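What follows is the content of input-v7.cif (mmCIF, C-alpha atoms).
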data_structure
#
loop_
_atom_site.label_atom_id
_atom_site.label_comp_id
_atom_site.auth_asym_id
_atom_site.auth_seq_id
_atom_site.Cartn_x
_atom_site.Cartn_y
_atom_site.Cartn_z
CA MET A 278 -94.51 -17.53 3.34
CA TRP A 279 -93.51 -21.09 4.23
CA TYR A 280 -92.05 -19.82 7.50
CA LEU A 281 -95.43 -18.30 8.35
CA LEU A 282 -97.45 -21.52 8.01
CA PRO A 283 -96.51 -22.91 11.45
CA SER A 284 -97.82 -19.71 13.05
CA VAL A 285 -101.08 -20.03 11.13
CA PHE A 286 -101.35 -23.62 12.36
CA LEU A 287 -100.54 -22.64 15.95
CA GLY A 288 -103.01 -19.74 15.91
CA TRP A 289 -105.76 -22.09 14.77
CA SER A 290 -104.82 -24.61 17.48
CA LEU A 291 -104.72 -21.89 20.14
CA GLY A 292 -108.14 -20.59 19.18
CA ALA A 293 -109.62 -24.09 19.19
CA ASN A 294 -108.14 -24.82 22.62
CA ASP A 295 -108.39 -21.48 24.42
CA ALA A 296 -111.92 -20.53 23.37
CA ALA A 297 -112.98 -22.78 26.23
CA ASN A 298 -111.14 -20.54 28.67
CA VAL A 299 -113.37 -17.60 27.78
CA PHE A 300 -116.71 -19.23 27.05
CA GLY A 301 -116.33 -22.72 28.54
CA PRO A 302 -118.41 -22.25 31.72
CA THR A 303 -121.15 -20.15 30.10
CA VAL A 304 -121.48 -22.19 26.89
CA ALA A 305 -121.28 -25.54 28.69
CA SER A 306 -124.01 -24.44 31.10
CA GLY A 307 -126.27 -23.52 28.18
CA LEU A 308 -126.44 -19.80 28.96
CA ILE A 309 -124.73 -18.71 25.76
CA PRO A 310 -125.00 -20.53 22.39
CA HIS A 311 -121.72 -21.80 20.99
CA LYS A 312 -121.70 -20.47 17.43
CA PRO A 313 -122.61 -16.81 18.13
CA ALA A 314 -120.13 -16.76 21.03
CA MET A 315 -117.31 -17.95 18.78
CA ILE A 316 -118.17 -15.62 15.90
CA PHE A 317 -118.45 -12.42 17.94
CA GLY A 318 -115.70 -13.49 20.32
CA SER A 319 -113.25 -13.91 17.44
CA LEU A 320 -113.77 -10.26 16.48
CA PHE A 321 -112.74 -9.16 19.96
CA VAL A 322 -109.72 -11.47 19.83
CA ILE A 323 -108.54 -9.70 16.69
CA LEU A 324 -109.21 -6.30 18.27
CA GLY A 325 -107.23 -7.23 21.37
CA ALA A 326 -104.31 -8.52 19.31
CA VAL A 327 -104.10 -5.40 17.16
CA VAL A 328 -104.67 -2.84 19.92
CA GLY A 329 -102.96 -4.41 22.92
CA GLY A 330 -100.63 -7.15 21.71
CA SER A 331 -97.39 -5.26 21.06
CA LYS A 332 -95.73 -5.63 24.49
CA CYS A 333 -96.12 -9.41 24.62
CA LEU A 334 -95.04 -9.74 20.98
CA MET A 335 -91.78 -7.92 21.65
CA ASN A 336 -91.02 -9.93 24.80
CA VAL A 337 -91.39 -13.28 23.03
CA SER A 338 -89.24 -12.15 20.10
CA GLY A 339 -86.50 -11.25 22.61
CA ILE A 340 -85.86 -14.86 23.69
CA THR A 341 -85.54 -16.46 20.23
CA THR A 342 -82.28 -17.24 18.42
CA GLY A 343 -83.07 -14.50 15.92
CA LEU A 344 -83.09 -16.92 12.99
CA VAL A 345 -86.35 -17.14 11.08
CA LEU A 346 -85.95 -20.89 10.46
CA ASP A 347 -85.50 -21.58 14.18
CA SER A 348 -88.51 -19.44 15.01
CA ALA A 349 -90.68 -21.27 12.48
CA LEU A 350 -89.59 -24.67 13.81
CA ALA A 351 -90.23 -23.60 17.41
CA VAL A 352 -93.75 -22.47 16.49
CA LEU A 353 -94.38 -25.65 14.50
CA SER A 354 -93.39 -27.82 17.47
CA ALA A 355 -95.71 -25.80 19.72
CA ALA A 356 -98.56 -26.15 17.22
CA LEU A 357 -98.13 -29.92 17.02
CA THR A 358 -98.09 -30.18 20.82
CA VAL A 359 -101.19 -28.03 21.30
CA THR A 360 -103.07 -29.86 18.57
CA ILE A 361 -102.33 -33.24 20.17
CA MET A 362 -103.53 -31.97 23.54
CA THR A 363 -106.64 -30.44 21.96
CA LEU A 364 -107.53 -33.77 20.35
CA LEU A 365 -107.16 -35.32 23.81
CA LYS A 366 -109.49 -32.54 25.11
CA PHE A 367 -106.96 -31.10 27.56
CA PRO A 368 -106.87 -27.29 28.06
CA VAL A 369 -103.10 -26.84 27.77
CA SER A 370 -100.81 -23.81 27.87
CA THR A 371 -99.88 -22.50 24.45
CA SER A 372 -97.45 -20.13 26.17
CA GLN A 373 -95.61 -23.11 27.63
CA ALA A 374 -95.63 -24.89 24.28
CA VAL A 375 -94.08 -21.91 22.50
CA PHE A 376 -91.58 -21.43 25.31
CA GLY A 377 -90.60 -25.09 25.12
CA GLY A 378 -90.21 -24.86 21.35
CA ILE A 379 -87.98 -21.79 21.61
CA VAL A 380 -85.85 -23.38 24.33
CA GLY A 381 -85.39 -26.47 22.15
CA THR A 382 -83.99 -24.43 19.27
CA ASN A 383 -81.82 -22.37 21.63
CA ILE A 384 -80.27 -25.47 23.17
CA LEU A 385 -79.44 -26.94 19.77
CA ARG A 386 -77.94 -23.73 18.40
CA PHE A 387 -76.00 -22.57 21.47
CA GLY A 388 -75.69 -25.60 23.73
CA PHE A 389 -77.35 -25.92 27.13
CA GLU A 390 -74.60 -24.07 28.98
CA ASN A 391 -74.53 -21.10 26.58
CA VAL A 392 -78.29 -20.40 26.47
CA ASN A 393 -79.15 -17.05 28.07
CA TRP A 394 -81.57 -18.29 30.73
CA SER A 395 -81.99 -15.03 32.66
CA PRO A 396 -84.76 -13.45 30.49
CA MET A 397 -86.62 -16.76 30.46
CA TRP A 398 -87.11 -17.11 34.20
CA LYS A 399 -89.91 -14.55 34.30
CA PHE A 400 -91.90 -16.76 31.94
CA VAL A 401 -91.43 -19.74 34.25
CA VAL A 402 -92.40 -17.78 37.36
CA VAL A 403 -95.74 -16.68 35.90
CA TRP A 404 -96.64 -20.31 35.21
CA VAL A 405 -97.04 -20.63 38.96
CA LEU A 406 -98.50 -17.18 39.58
CA THR A 407 -101.17 -17.39 36.86
CA PRO A 408 -103.46 -20.15 38.24
CA THR A 409 -102.90 -19.18 41.87
CA GLY A 410 -103.53 -15.50 41.15
CA ALA A 411 -106.67 -16.31 39.17
CA ALA A 412 -107.93 -18.49 42.03
CA VAL A 413 -107.46 -15.67 44.55
CA ILE A 414 -109.14 -13.11 42.28
CA SER A 415 -112.02 -15.48 41.61
CA PHE A 416 -112.52 -16.26 45.30
CA PHE A 417 -112.88 -12.62 46.39
CA LEU A 418 -114.68 -11.53 43.22
CA TYR A 419 -117.37 -14.13 43.83
CA LYS A 420 -117.78 -13.06 47.47
CA PHE A 421 -118.27 -9.42 46.41
CA LEU A 422 -120.49 -9.94 43.36
CA ALA A 423 -122.67 -12.45 45.20
CA ILE A 424 -123.59 -9.73 47.69
CA VAL A 425 -124.45 -7.33 44.87
CA PHE A 426 -126.40 -9.99 42.98
CA ARG A 427 -128.52 -10.94 45.99
CA ARG A 428 -129.66 -7.34 46.34
CA ILE A 429 -131.40 -7.58 42.96
CA LYS A 430 -134.92 -8.57 44.01
CA SER A 431 -136.50 -9.20 40.62
CA VAL A 432 -135.83 -12.64 39.13
CA GLN A 433 -136.19 -11.19 35.64
CA LEU A 434 -133.55 -8.55 36.37
CA GLN A 435 -131.25 -11.21 37.82
CA ASP A 436 -131.57 -13.26 34.64
CA ARG A 437 -130.91 -10.23 32.48
CA PHE A 438 -127.93 -9.24 34.64
CA ILE A 439 -126.38 -12.68 34.21
CA THR A 440 -127.07 -12.93 30.48
CA VAL A 441 -125.81 -9.46 29.56
CA GLY A 442 -122.94 -9.75 32.01
CA SER A 443 -121.85 -13.09 30.57
CA TRP A 444 -121.70 -11.70 27.05
CA LEU A 445 -119.74 -8.63 28.15
CA VAL A 446 -117.35 -10.66 30.27
CA GLY A 447 -116.85 -13.07 27.37
CA PHE A 448 -115.98 -10.24 25.00
CA TYR A 449 -113.58 -8.80 27.58
CA GLY A 450 -111.98 -12.24 27.93
CA CYS A 451 -111.59 -12.54 24.15
CA TYR A 452 -109.98 -9.11 24.00
CA ALA A 453 -107.54 -10.07 26.79
CA LEU A 454 -106.83 -13.39 25.09
CA GLY A 455 -105.97 -11.68 21.82
CA ALA A 456 -103.79 -9.05 23.49
CA ASN A 457 -101.87 -11.60 25.52
CA ASN A 458 -101.72 -14.79 23.49
CA VAL A 459 -101.13 -13.35 20.01
CA ALA A 460 -97.46 -13.30 21.06
CA ASN A 461 -97.55 -17.08 21.27
CA VAL A 462 -98.65 -17.30 17.66
CA THR A 463 -96.43 -14.81 15.84
CA GLY A 464 -94.13 -13.31 18.50
CA ALA A 465 -91.22 -15.56 17.52
CA LEU A 466 -91.32 -14.13 13.97
CA VAL A 467 -91.25 -10.45 14.97
CA GLY A 468 -88.09 -8.83 13.66
CA SER A 469 -86.98 -11.76 11.55
CA LEU A 470 -90.04 -11.99 9.28
CA LEU A 471 -92.91 -9.78 10.49
CA SER A 472 -93.40 -6.31 11.93
CA VAL A 473 -95.28 -5.97 15.20
CA SER A 474 -98.46 -4.77 13.48
CA GLU A 475 -98.35 -7.56 10.89
CA ALA A 476 -97.77 -10.16 13.61
CA ALA A 477 -100.69 -8.83 15.65
CA LEU A 478 -103.17 -8.91 12.76
CA ILE A 479 -102.15 -12.31 11.37
CA GLY A 480 -102.03 -13.89 14.83
CA GLY A 481 -105.44 -12.51 15.78
CA LEU A 482 -107.06 -13.76 12.58
CA CYS A 483 -105.66 -17.27 13.07
CA ILE A 484 -106.85 -17.48 16.68
CA GLY A 485 -110.32 -16.36 15.64
CA LEU A 486 -110.46 -19.02 12.94
CA GLY A 487 -109.61 -21.74 15.46
CA MET A 488 -112.33 -20.54 17.82
CA ILE A 489 -114.99 -20.73 15.14
CA SER A 490 -113.99 -24.06 13.62
CA PHE A 491 -112.85 -26.50 16.34
CA SER A 492 -113.52 -25.53 19.94
CA LYS A 493 -116.41 -27.65 21.24
CA GLY A 494 -114.46 -30.51 22.82
CA VAL A 495 -112.28 -28.50 25.18
CA ILE A 496 -115.23 -26.26 26.08
CA ALA A 497 -116.98 -29.33 27.49
CA THR A 498 -113.89 -30.29 29.53
CA VAL A 499 -113.45 -26.84 31.08
CA GLY A 500 -117.14 -26.09 31.50
CA LYS A 501 -118.24 -29.38 33.05
CA GLY A 502 -115.24 -31.50 33.99
CA ILE A 503 -113.80 -29.50 36.92
CA ILE A 504 -116.62 -28.04 39.01
CA ALA A 505 -120.28 -27.86 38.05
CA LEU A 506 -121.08 -24.16 37.72
CA ASP A 507 -124.36 -22.30 37.64
CA HIS A 508 -124.76 -19.36 35.27
CA PHE A 509 -123.73 -16.71 37.78
CA SER A 510 -120.65 -18.65 38.87
CA GLY A 511 -119.62 -19.25 35.27
CA MET A 512 -119.74 -15.52 34.59
CA VAL A 513 -117.58 -14.76 37.64
CA ALA A 514 -115.03 -17.44 36.68
CA VAL A 515 -114.60 -15.98 33.20
CA LEU A 516 -114.29 -12.47 34.62
CA ALA A 517 -111.56 -13.55 37.05
CA HIS A 518 -109.74 -15.33 34.22
CA SER A 519 -110.01 -12.27 31.99
CA ILE A 520 -108.70 -9.88 34.64
CA THR A 521 -105.72 -12.17 35.25
CA VAL A 522 -104.82 -12.47 31.57
CA TRP A 523 -105.31 -8.75 30.97
CA ILE A 524 -102.99 -7.80 33.85
CA TYR A 525 -100.20 -9.81 32.28
CA SER A 526 -100.96 -8.24 28.90
CA LEU A 527 -100.30 -4.83 30.41
CA VAL A 528 -97.03 -6.11 31.87
CA GLY A 529 -96.08 -7.67 28.54
CA ILE A 530 -95.76 -11.34 29.54
CA PRO A 531 -97.80 -13.93 27.62
CA VAL A 532 -99.40 -16.35 30.07
CA SER A 533 -101.56 -19.42 29.94
CA SER A 534 -105.22 -18.63 29.47
CA SER A 535 -105.92 -22.27 30.29
CA GLN A 536 -104.17 -22.03 33.64
CA ALA A 537 -106.04 -18.82 34.41
CA ILE A 538 -109.50 -20.30 33.85
CA VAL A 539 -108.73 -23.52 35.71
CA GLY A 540 -107.41 -21.50 38.65
CA ALA A 541 -110.45 -19.22 38.51
CA VAL A 542 -112.89 -22.14 38.47
CA ILE A 543 -111.16 -23.80 41.43
CA GLY A 544 -111.04 -20.56 43.43
CA LEU A 545 -114.71 -19.97 42.75
CA GLY A 546 -115.52 -23.48 43.85
CA TYR A 547 -113.87 -22.88 47.20
CA ALA A 548 -115.74 -19.58 47.54
CA ARG A 549 -119.01 -21.48 47.08
CA GLY A 550 -117.95 -24.33 49.34
CA ALA A 551 -118.18 -26.76 46.44
CA LYS A 552 -115.99 -29.81 45.99
CA LEU A 553 -114.15 -30.71 42.82
CA SER A 554 -116.52 -32.76 40.70
CA ASN A 555 -113.65 -34.78 39.23
CA PRO A 556 -110.21 -34.50 40.93
CA ARG A 557 -108.79 -36.86 38.33
CA THR A 558 -109.56 -34.29 35.64
CA ILE A 559 -107.56 -31.70 37.58
CA LEU A 560 -104.63 -34.11 37.90
CA ASN A 561 -104.71 -34.87 34.17
CA ILE A 562 -104.79 -31.15 33.33
CA VAL A 563 -101.81 -30.42 35.60
CA LEU A 564 -99.86 -33.31 34.12
CA ALA A 565 -100.65 -31.97 30.65
CA TRP A 566 -99.28 -28.57 31.72
CA VAL A 567 -96.04 -30.15 32.89
CA ALA A 568 -95.70 -32.28 29.77
CA THR A 569 -96.47 -29.48 27.29
CA PRO A 570 -93.15 -27.53 27.35
CA VAL A 571 -91.14 -30.75 27.56
CA ILE A 572 -92.87 -32.30 24.56
CA ALA A 573 -92.66 -29.07 22.55
CA GLY A 574 -88.99 -28.69 23.41
CA LEU A 575 -88.16 -32.23 22.34
CA ILE A 576 -90.09 -31.89 19.07
CA SER A 577 -88.40 -28.55 18.38
CA TYR A 578 -84.94 -29.96 19.12
CA ILE A 579 -85.51 -32.95 16.85
CA LEU A 580 -86.94 -30.83 14.01
CA CYS A 581 -84.10 -28.33 14.24
CA LEU A 582 -81.52 -31.14 14.37
CA GLY A 583 -83.07 -32.77 11.33
CA VAL A 584 -83.12 -29.55 9.32
CA LYS A 585 -79.56 -28.73 10.36
CA SER A 586 -78.26 -32.15 9.27
CA TRP A 587 -80.26 -32.02 6.06
CA PHE A 588 -78.79 -28.69 5.02
#

Before we go any further, please render this structure as structure tokens.
Amino acid sequence: MWYLLPSVFLGWSLGANDAANVFGPTVASGLIPHKPAMIFGSLFVILGAVVGGSKCLMNVSGITTGLVLDSALAVLSAALTVTIMTLLKFPVSTSQAVFGGIVGTNILRFGFENVNWSPMWKFVVVWVLTPTGAAVISFFLYKFLAIVFRRIKSVQLQDRFITVGSWLVGFYGCYALGANNVANVTGALVGSLLSVSEAALIGGLCIGLGMISFSKGVIATVGKGIIALDHFSGMVAVLAHSITVWIYSLVGIPVSSSQAIVGAVIGLGYARGAKLSNPRTILNIVLAWVATPVIAGLISYILCLGVKSWF
């Protein structure tokens, strides 16, 4: 059970940080209340993890050392990194944190030259494809849905369309988040400690707990700190993010939900002809993305080295 505690910690941190990626624009704009969104959204996270999380779980387990102690230390280092970034109110990549933690343990156990890097490159490639792909999807999605929305003549029907649509899109985003990012929480323990079904359920529950208990700060950063969004635009941004994350869930590669929503918000801003409200925020977020795997890898290496010397 001690080996499982880092995953519980990471799942909580992920939920606290990544809830903003699903409900940030709509909650920050005041369209959807925070507490109900987190409570109902957490249920869809669990559903997504249990129903659609197996492919990503297996892929993450395939790049670990295979030792349960190493996996637990890698997850612990990722959890510490994500928690630090959450306290700083940066929407970071949990996928990158877990990857960095796993790489740190691999380097210590096998040496840099003997690490099998080939299966890891696909994870690195999607770090670039995720925000750019989300931006493209968001850009064209906004252009299309704006045409449809303008054909609704009644203001009351427009309001209802946005409200209902935002809830549905949020639930879809939570489902995609659970299916994709549960691998970041418990994927490293699959095979060495947990079965796929156990990992999916435990990971989903931990993410949901983080969403409910500690998500307000990052929601404000994502929802207001990049581009000021109206209710309709916020709904489209979350939909583009959710489609992006869900596509990678089907492929079986865990990606950054944070990168997806930031890319979606930026792409939507260009579609509307809006300027970035705070370019410095974007720069800080990107720097946090770059630092996340490095910090997690260093922490993981140090923890693993300490445990190895102790025993």

Inset, instruction - Just the residues within 12 Å of Val441 (chain A), please, counting all atoms listed in the file, with nothing from its chain fewer than 5 positions along; format it as number ranges by chain. - result: A: 303, 308-309, 434-436, 446-448, 508-509, 512

Inset, instruction - Enumerate, as JSON, numbers by chain, the residues matched when the PyMOL selection byres ((chain A and resi 408-411) around 12) is run on the file above. - result: {"A": [370, 402, 403, 404, 405, 406, 407, 412, 413, 414, 415, 416, 417, 418, 419, 513, 514, 515, 516, 517, 518, 519, 520, 521, 522, 523, 524, 525, 532, 533, 534, 535, 536, 537, 538, 539, 540, 541, 542, 543, 544, 545, 563, 566]}

Take the residues that were just selected and, keeping C-alpha atoms, output them as a CSV table (one decimal), in the coordinates of the input.
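Written out: again35.csv:
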chain,number,residue,atom,x,y,z
A,370,SER,CA,-100.8,-23.8,27.9
A,402,VAL,CA,-92.4,-17.8,37.4
A,403,VAL,CA,-95.7,-16.7,35.9
A,404,TRP,CA,-96.6,-20.3,35.2
A,405,VAL,CA,-97.0,-20.6,39.0
A,406,LEU,CA,-98.5,-17.2,39.6
A,407,THR,CA,-101.2,-17.4,36.9
A,412,ALA,CA,-107.9,-18.5,42.0
A,413,VAL,CA,-107.5,-15.7,44.6
A,414,ILE,CA,-109.1,-13.1,42.3
A,415,SER,CA,-112.0,-15.5,41.6
A,416,PHE,CA,-112.5,-16.3,45.3
A,417,PHE,CA,-112.9,-12.6,46.4
A,418,LEU,CA,-114.7,-11.5,43.2
A,419,TYR,CA,-117.4,-14.1,43.8
A,513,VAL,CA,-117.6,-14.8,37.6
A,514,ALA,CA,-115.0,-17.4,36.7
A,515,VAL,CA,-114.6,-16.0,33.2
A,516,LEU,CA,-114.3,-12.5,34.6
A,517,ALA,CA,-111.6,-13.6,37.0
A,518,HIS,CA,-109.7,-15.3,34.2
A,519,SER,CA,-110.0,-12.3,32.0
A,520,ILE,CA,-108.7,-9.9,34.6
A,521,THR,CA,-105.7,-12.2,35.2
A,522,VAL,CA,-104.8,-12.5,31.6
A,523,TRP,CA,-105.3,-8.8,31.0
A,524,ILE,CA,-103.0,-7.8,33.8
A,525,TYR,CA,-100.2,-9.8,32.3
A,532,VAL,CA,-99.4,-16.4,30.1
A,533,SER,CA,-101.6,-19.4,29.9
A,534,SER,CA,-105.2,-18.6,29.5
A,535,SER,CA,-105.9,-22.3,30.3
A,536,GLN,CA,-104.2,-22.0,33.6
A,537,ALA,CA,-106.0,-18.8,34.4
A,538,ILE,CA,-109.5,-20.3,33.8
A,539,VAL,CA,-108.7,-23.5,35.7
A,540,GLY,CA,-107.4,-21.5,38.6
A,541,ALA,CA,-110.4,-19.2,38.5
A,542,VAL,CA,-112.9,-22.1,38.5
A,543,ILE,CA,-111.2,-23.8,41.4
A,544,GLY,CA,-111.0,-20.6,43.4
A,545,LEU,CA,-114.7,-20.0,42.8
A,563,VAL,CA,-101.8,-30.4,35.6
A,566,TRP,CA,-99.3,-28.6,31.7

Legend entry - Spatial neighbours of Tyr280 (chain A), 6 Å, only C-alpha atoms, chain gap at least 2 places, as a count of residues only: 3

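Take the candidates A:Val473, A:Ala551, A:Leu575, A:Ala565 and check each one against Lys332 (chain A) using all atoms listed in the file; the shortest distance goes to A:Val473.
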
Legend entry - Surrounding residues of Asn383 (chain A) excluding itself and chain neighbours under 4 positions, 10 Å, all atoms listed in the file, as a PyMOL selection string: chain A and resi 340-343+347-348+351+377-379+387-389+391-394+574+577-578+581

Kindly save the residues from that selection, with C-alpha atoms included, as a PDB file, in the frame of the given file.
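Contents of part-v9.pdb, as written:
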ATOM      1  CA  ILE A 340     -85.860 -14.860  23.690  1.00  0.00           C
ATOM      2  CA  THR A 341     -85.540 -16.460  20.230  1.00  0.00           C
ATOM      3  CA  THR A 342     -82.280 -17.240  18.420  1.00  0.00           C
ATOM      4  CA  GLY A 343     -83.070 -14.500  15.920  1.00  0.00           C
ATOM      5  CA  ASP A 347     -85.500 -21.580  14.180  1.00  0.00           C
ATOM      6  CA  SER A 348     -88.510 -19.440  15.010  1.00  0.00           C
ATOM      7  CA  ALA A 351     -90.230 -23.600  17.410  1.00  0.00           C
ATOM      8  CA  GLY A 377     -90.600 -25.090  25.120  1.00  0.00           C
ATOM      9  CA  GLY A 378     -90.210 -24.860  21.350  1.00  0.00           C
ATOM     10  CA  ILE A 379     -87.980 -21.790  21.610  1.00  0.00           C
ATOM     11  CA  PHE A 387     -76.000 -22.570  21.470  1.00  0.00           C
ATOM     12  CA  GLY A 388     -75.690 -25.600  23.730  1.00  0.00           C
ATOM     13  CA  PHE A 389     -77.350 -25.920  27.130  1.00  0.00           C
ATOM     14  CA  ASN A 391     -74.530 -21.100  26.580  1.00  0.00           C
ATOM     15  CA  VAL A 392     -78.290 -20.400  26.470  1.00  0.00           C
ATOM     16  CA  ASN A 393     -79.150 -17.050  28.070  1.00  0.00           C
ATOM     17  CA  TRP A 394     -81.570 -18.290  30.730  1.00  0.00           C
ATOM     18  CA  GLY A 574     -88.990 -28.690  23.410  1.00  0.00           C
ATOM     19  CA  SER A 577     -88.400 -28.550  18.380  1.00  0.00           C
ATOM     20  CA  TYR A 578     -84.940 -29.960  19.120  1.00  0.00           C
ATOM     21  CA  CYS A 581     -84.100 -28.330  14.240  1.00  0.00           C
TER      22      CYS A 581
END

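Compared by their closest atoms to Ile579 (chain A), and using only C-alpha atoms, the residues A:Leu385, A:Ala297, A:Ile316, A:Leu324 rank with A:Leu385 nearest.
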
Legend entry - Near-Val462 (chain A) list (7 Å; all atoms listed in the file; drop same-chain fewer than 5 positions) as a ChimeraX atom specification: /A:284,287-288,480

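With CA of Gln373 (chain A) on one side and CA of His311 (chain A) on the other, the separation reads 27.0 Å.
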
Legend entry - Selection near Ser492 (chain A), 10 Å with only C-alpha atoms, sequence-local residues under 3 positions removed, as a PyMOL selection string: chain A and resi 289-297+301+311-312+315+363+366+487-489+495-497

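Taking CA of Gly550 (chain A) and CA of Trp444 (chain A) as the two end points, the separation is 25.9 Å.
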
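If you measure from each of A:Arg428, A:Lys493, A:Arg557, A:Lys585 to Pro310 (chain A) using only C-alpha atoms, the closest one turns out to be A:Lys493.
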
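Counting from CA of Val584 (chain A), the distance to CA of Ser395 (chain A) is 27.5 Å.
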
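Residue membership of the PyMOL selection byres ((chain A and resi 451) around 6) in the shown file amounts to Gly318, Phe321, Val322, Phe448, Tyr449, Gly450, Tyr452, Ala453 and Leu454 of chain A.
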
Inset, instruction - Name the closest residue to Ile530 (chain A) among the candidates A:Ile484, A:Ile323, A:Ile384, A:Val337; distances are taken between atoms, counting all atoms listed in the file. - result: A:Val337

Inset, instruction - Determine the nearest neighbour of Val328 (chain A) from the options A:Leu527, A:Leu486, A:Ala477, A:Ile424, counting all atoms listed in the file. - result: A:Ala477
